[in-house]
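A quick write-up on the structure given underneath.
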2 protein chains.
Amino acid sequence: MSDASRVIRARAFRWDGVPVTAYKESGALFRDVTRQTLLGEGAGEDGLSFLTRYFEVQPGGWSTLERHEHPHTVVVLRGRGRVVLGDVTHDIAPYDVVYVAPGAVHQFRTTTDEPLGFLCIVDRERDRPVPVSR
Amino acid sequence: MSDASRVIRARAFRWDGVPVTAYKESGALFRDVTRQTLLGEGAGEDGLSFLTRYFEVQPGGWSTLERHEHPHTVVVLRGRGRVVLGDVTHDIAPYDVVYVAPGAVHQFRTTTDEPLGFLCIVDRERDRPVPVSR
């Protein structure tokens, strides 16, 4: 097969050939979060206008409270937690879908002793997140 | 909250307020496949340039063998099956990621007595699939 089509095998929420990287390059506004970019940045994937990333928040951890103009599509894969969406906090569990609309303040947290893992799909071209303090 | 941000709750691979619809409007080239569009077509979701759909293939079923110029990003959520990608067939299981590159012939099948369920993310604006016969 000469095209870039392929299957990326999953093993315990890690994927073959996909590195586990830092959530952000720097910052102290989050705790114990990792990022795996599953599709959209690899060779032959230029035709994808969106990136599919998997984030994992370890027990006791949280992502940055932030906002940006690009929307997020999130699908929870493992664990349980809470998501802040604007002024409201929602419980989340596997397969729940979260829509983060443009400009909405949001943050993900674990609430159990299991990691909270979720897919997050975004446009390849997008604005940078801005941290929010409360 | 005045924005469209929200959580869409999952219950046994169905989602609150999301109808289970036909895989395609018509055709006899597939068997026992349903579609649920989770995000991208609802009110306030105009800012999403991509759609997140969940497809489920019942035991004994298969999707159309087809090709199109837009790429597919697939993440398996339940069941086991096989995907045709060009000239190769791969086994797939939960959380495996499948990249269907532009123009690649592809088809999904179940191989057990459990439904095969997967997310499939595509550009909102895309070309129509063309069935392939072999």
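By convention in this document, the chains of the structure tokens carry letters A, B, ... by their order, each chain's residues are numbered from 1, and ligands are numbered from 1 in the order they are shown.
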
Counting only C-alpha atoms, which residues of chain A sit at most 7 Å from some atom of chain B, and what is each one's closest atom pair with its distance in Å to one decimal, listed by chain and rising residue number, as JSON lines?
{"residue": "A:Met1", "atom": "CA", "partner": "B:Gly86", "partner_atom": "CA", "distance": 6.3}
{"residue": "A:Asp3", "atom": "CA", "partner": "B:Ala101", "partner_atom": "CA", "distance": 6.5}
{"residue": "A:Ala4", "atom": "CA", "partner": "B:Ala101", "partner_atom": "CA", "distance": 5.7}
{"residue": "A:Ser5", "atom": "CA", "partner": "B:Val100", "partner_atom": "CA", "distance": 4.8}
{"residue": "A:Arg6", "atom": "CA", "partner": "B:Tyr99", "partner_atom": "CA", "distance": 5.3}
{"residue": "A:Val7", "atom": "CA", "partner": "B:Val98", "partner_atom": "CA", "distance": 4.5}
{"residue": "A:Ile8", "atom": "CA", "partner": "B:Val97", "partner_atom": "CA", "distance": 4.9}
{"residue": "A:Arg9", "atom": "CA", "partner": "B:Asp96", "partner_atom": "CA", "distance": 4.7}
{"residue": "A:Ala10", "atom": "CA", "partner": "B:Asp96", "partner_atom": "CA", "distance": 4.8}
{"residue": "A:Gly47", "atom": "CA", "partner": "B:Pro71", "partner_atom": "CA", "distance": 6.8}
{"residue": "A:Leu48", "atom": "CA", "partner": "B:Pro71", "partner_atom": "CA", "distance": 6.5}
{"residue": "A:Pro71", "atom": "CA", "partner": "B:Leu48", "partner_atom": "CA", "distance": 6.5}
{"residue": "A:Leu85", "atom": "CA", "partner": "B:Ser5", "partner_atom": "CA", "distance": 6.6}
{"residue": "A:Gly86", "atom": "CA", "partner": "B:Met1", "partner_atom": "CA", "distance": 6.3}
{"residue": "A:Asp87", "atom": "CA", "partner": "B:Met1", "partner_atom": "CA", "distance": 6.5}
{"residue": "A:Tyr95", "atom": "CA", "partner": "B:Ala10", "partner_atom": "CA", "distance": 5.5}
{"residue": "A:Asp96", "atom": "CA", "partner": "B:Arg9", "partner_atom": "CA", "distance": 4.7}
{"residue": "A:Val97", "atom": "CA", "partner": "B:Ile8", "partner_atom": "CA", "distance": 5.0}
{"residue": "A:Val98", "atom": "CA", "partner": "B:Val7", "partner_atom": "CA", "distance": 4.5}
{"residue": "A:Tyr99", "atom": "CA", "partner": "B:Ser5", "partner_atom": "CA", "distance": 5.1}
{"residue": "A:Val100", "atom": "CA", "partner": "B:Ser5", "partner_atom": "CA", "distance": 4.8}
{"residue": "A:Ala101", "atom": "CA", "partner": "B:Ser5", "partner_atom": "CA", "distance": 4.9}

Mind checking which residues fall within 7 Å of Glu56 of chain A, counting only C-alpha atoms, ignoring those fewer than 4 positions away in the same chain, and posting them as number ranges by chain? A: 33-35, 115-118

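Interatomic distance, atom CA of Thr110 of chain B to atom CA of Arg82 of chain B: 6.5 Å.
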
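The shortest atom-to-atom distance to Arg109 of chain A, with only C-alpha atoms taken into account, belongs to A:Arg31 out of A:His68, A:Arg134, A:Arg31, A:Arg53.
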
Report the residues of chain B whose backbone DSSP state falls under strand (DSSP E), written as a PyMOL selection string. chain B and resi 6-8+10-11+14-15+21-22+31-39+50-62+66-67+72-78+81-85+88-92+97-100+106-110+116-123+130-131

Would you output that residue set with C-alpha atoms, as a JSON list (two decimals), in the first residue's frame?
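New file again.json:
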[["chain", "number", "residue", "atom", "x", "y", "z"],
["B", 6, "ARG", "CA", -22.12, 21.22, 27.13],
["B", 7, "VAL", "CA", -21.68, 17.62, 28.17],
["B", 8, "ILE", "CA", -23.51, 14.98, 26.16],
["B", 10, "ALA", "CA", -23.24, 8.51, 27.27],
["B", 11, "ARG", "CA", -25.27, 5.47, 28.30],
["B", 14, "ARG", "CA", -26.02, 5.91, 23.11],
["B", 15, "TRP", "CA", -25.88, 9.64, 23.87],
["B", 21, "THR", "CA", -29.89, 7.08, 12.36],
["B", 22, "ALA", "CA", -29.29, 5.08, 9.23],
["B", 31, "ARG", "CA", -25.34, -4.38, 6.45],
["B", 32, "ASP", "CA", -26.48, -3.48, 9.96],
["B", 33, "VAL", "CA", -24.68, -0.20, 10.50],
["B", 34, "THR", "CA", -26.00, 2.82, 12.44],
["B", 35, "ARG", "CA", -24.75, 6.38, 12.76],
["B", 36, "GLN", "CA", -24.87, 8.89, 15.60],
["B", 37, "THR", "CA", -23.53, 12.37, 14.95],
["B", 38, "LEU", "CA", -22.20, 13.45, 18.34],
["B", 39, "LEU", "CA", -20.91, 16.91, 17.52],
["B", 50, "PHE", "CA", -15.19, 18.75, 11.61],
["B", 51, "LEU", "CA", -17.90, 16.27, 12.61],
["B", 52, "THR", "CA", -17.55, 13.60, 15.27],
["B", 53, "ARG", "CA", -19.71, 10.60, 14.45],
["B", 54, "TYR", "CA", -20.11, 7.21, 16.18],
["B", 55, "PHE", "CA", -20.80, 4.24, 13.94],
["B", 56, "GLU", "CA", -21.87, 0.84, 15.15],
["B", 57, "VAL", "CA", -21.71, -2.32, 13.08],
["B", 58, "GLN", "CA", -23.84, -5.15, 14.45],
["B", 59, "PRO", "CA", -22.59, -8.76, 14.49],
["B", 60, "GLY", "CA", -22.42, -10.03, 10.93],
["B", 61, "GLY", "CA", -22.48, -6.51, 9.50],
["B", 62, "TRP", "CA", -20.15, -4.39, 7.42],
["B", 66, "GLU", "CA", -15.63, 2.74, -0.62],
["B", 67, "ARG", "CA", -13.19, 5.54, -1.23],
["B", 72, "HIS", "CA", -10.95, 9.60, 8.06],
["B", 73, "THR", "CA", -9.74, 9.50, 11.63],
["B", 74, "VAL", "CA", -11.20, 6.47, 13.40],
["B", 75, "VAL", "CA", -10.92, 5.43, 17.05],
["B", 76, "VAL", "CA", -12.42, 2.06, 18.00],
["B", 77, "LEU", "CA", -14.52, 2.18, 21.18],
["B", 78, "ARG", "CA", -16.05, -1.30, 21.44],
["B", 81, "GLY", "CA", -13.38, -6.46, 13.80],
["B", 82, "ARG", "CA", -11.39, -5.95, 10.66],
["B", 83, "VAL", "CA", -10.71, -2.95, 8.54],
["B", 84, "VAL", "CA", -9.79, -3.10, 4.89],
["B", 85, "LEU", "CA", -7.24, -0.38, 4.02],
["B", 88, "VAL", "CA", -4.45, -4.93, 3.39],
["B", 89, "THR", "CA", -6.85, -6.13, 6.09],
["B", 90, "HIS", "CA", -6.07, -5.36, 9.73],
["B", 91, "ASP", "CA", -7.60, -6.66, 12.94],
["B", 92, "ILE", "CA", -8.92, -3.87, 15.14],
["B", 97, "VAL", "CA", -6.68, 4.30, 15.79],
["B", 98, "VAL", "CA", -7.24, 3.96, 12.05],
["B", 99, "TYR", "CA", -6.09, 6.55, 9.56],
["B", 100, "VAL", "CA", -7.84, 6.33, 6.20],
["B", 106, "HIS", "CA", -11.73, 1.00, 3.15],
["B", 107, "GLN", "CA", -14.38, -1.08, 4.87],
["B", 108, "PHE", "CA", -15.20, -2.05, 8.47],
["B", 109, "ARG", "CA", -16.54, -5.45, 9.58],
["B", 110, "THR", "CA", -17.36, -7.11, 12.86],
["B", 116, "LEU", "CA", -18.10, -2.99, 16.59],
["B", 117, "GLY", "CA", -18.35, 0.67, 17.57],
["B", 118, "PHE", "CA", -16.01, 3.44, 16.51],
["B", 119, "LEU", "CA", -15.68, 7.19, 16.34],
["B", 120, "CYS", "CA", -15.08, 8.61, 12.88],
["B", 121, "ILE", "CA", -14.06, 12.25, 12.54],
["B", 122, "VAL", "CA", -14.28, 14.00, 9.18],
["B", 123, "ASP", "CA", -14.20, 17.49, 7.74],
["B", 130, "VAL", "CA", -17.73, 6.29, -4.07],
["B", 131, "PRO", "CA", -18.53, 2.58, -3.69]]

To one decimal place, how far is atom CA of Gly79 of chain B from atom CA of Thr111 of chain B in Å?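 Taking atom CA of Gly79 of chain B and atom CA of Thr111 of chain B, their separation equals 8.4 Å.
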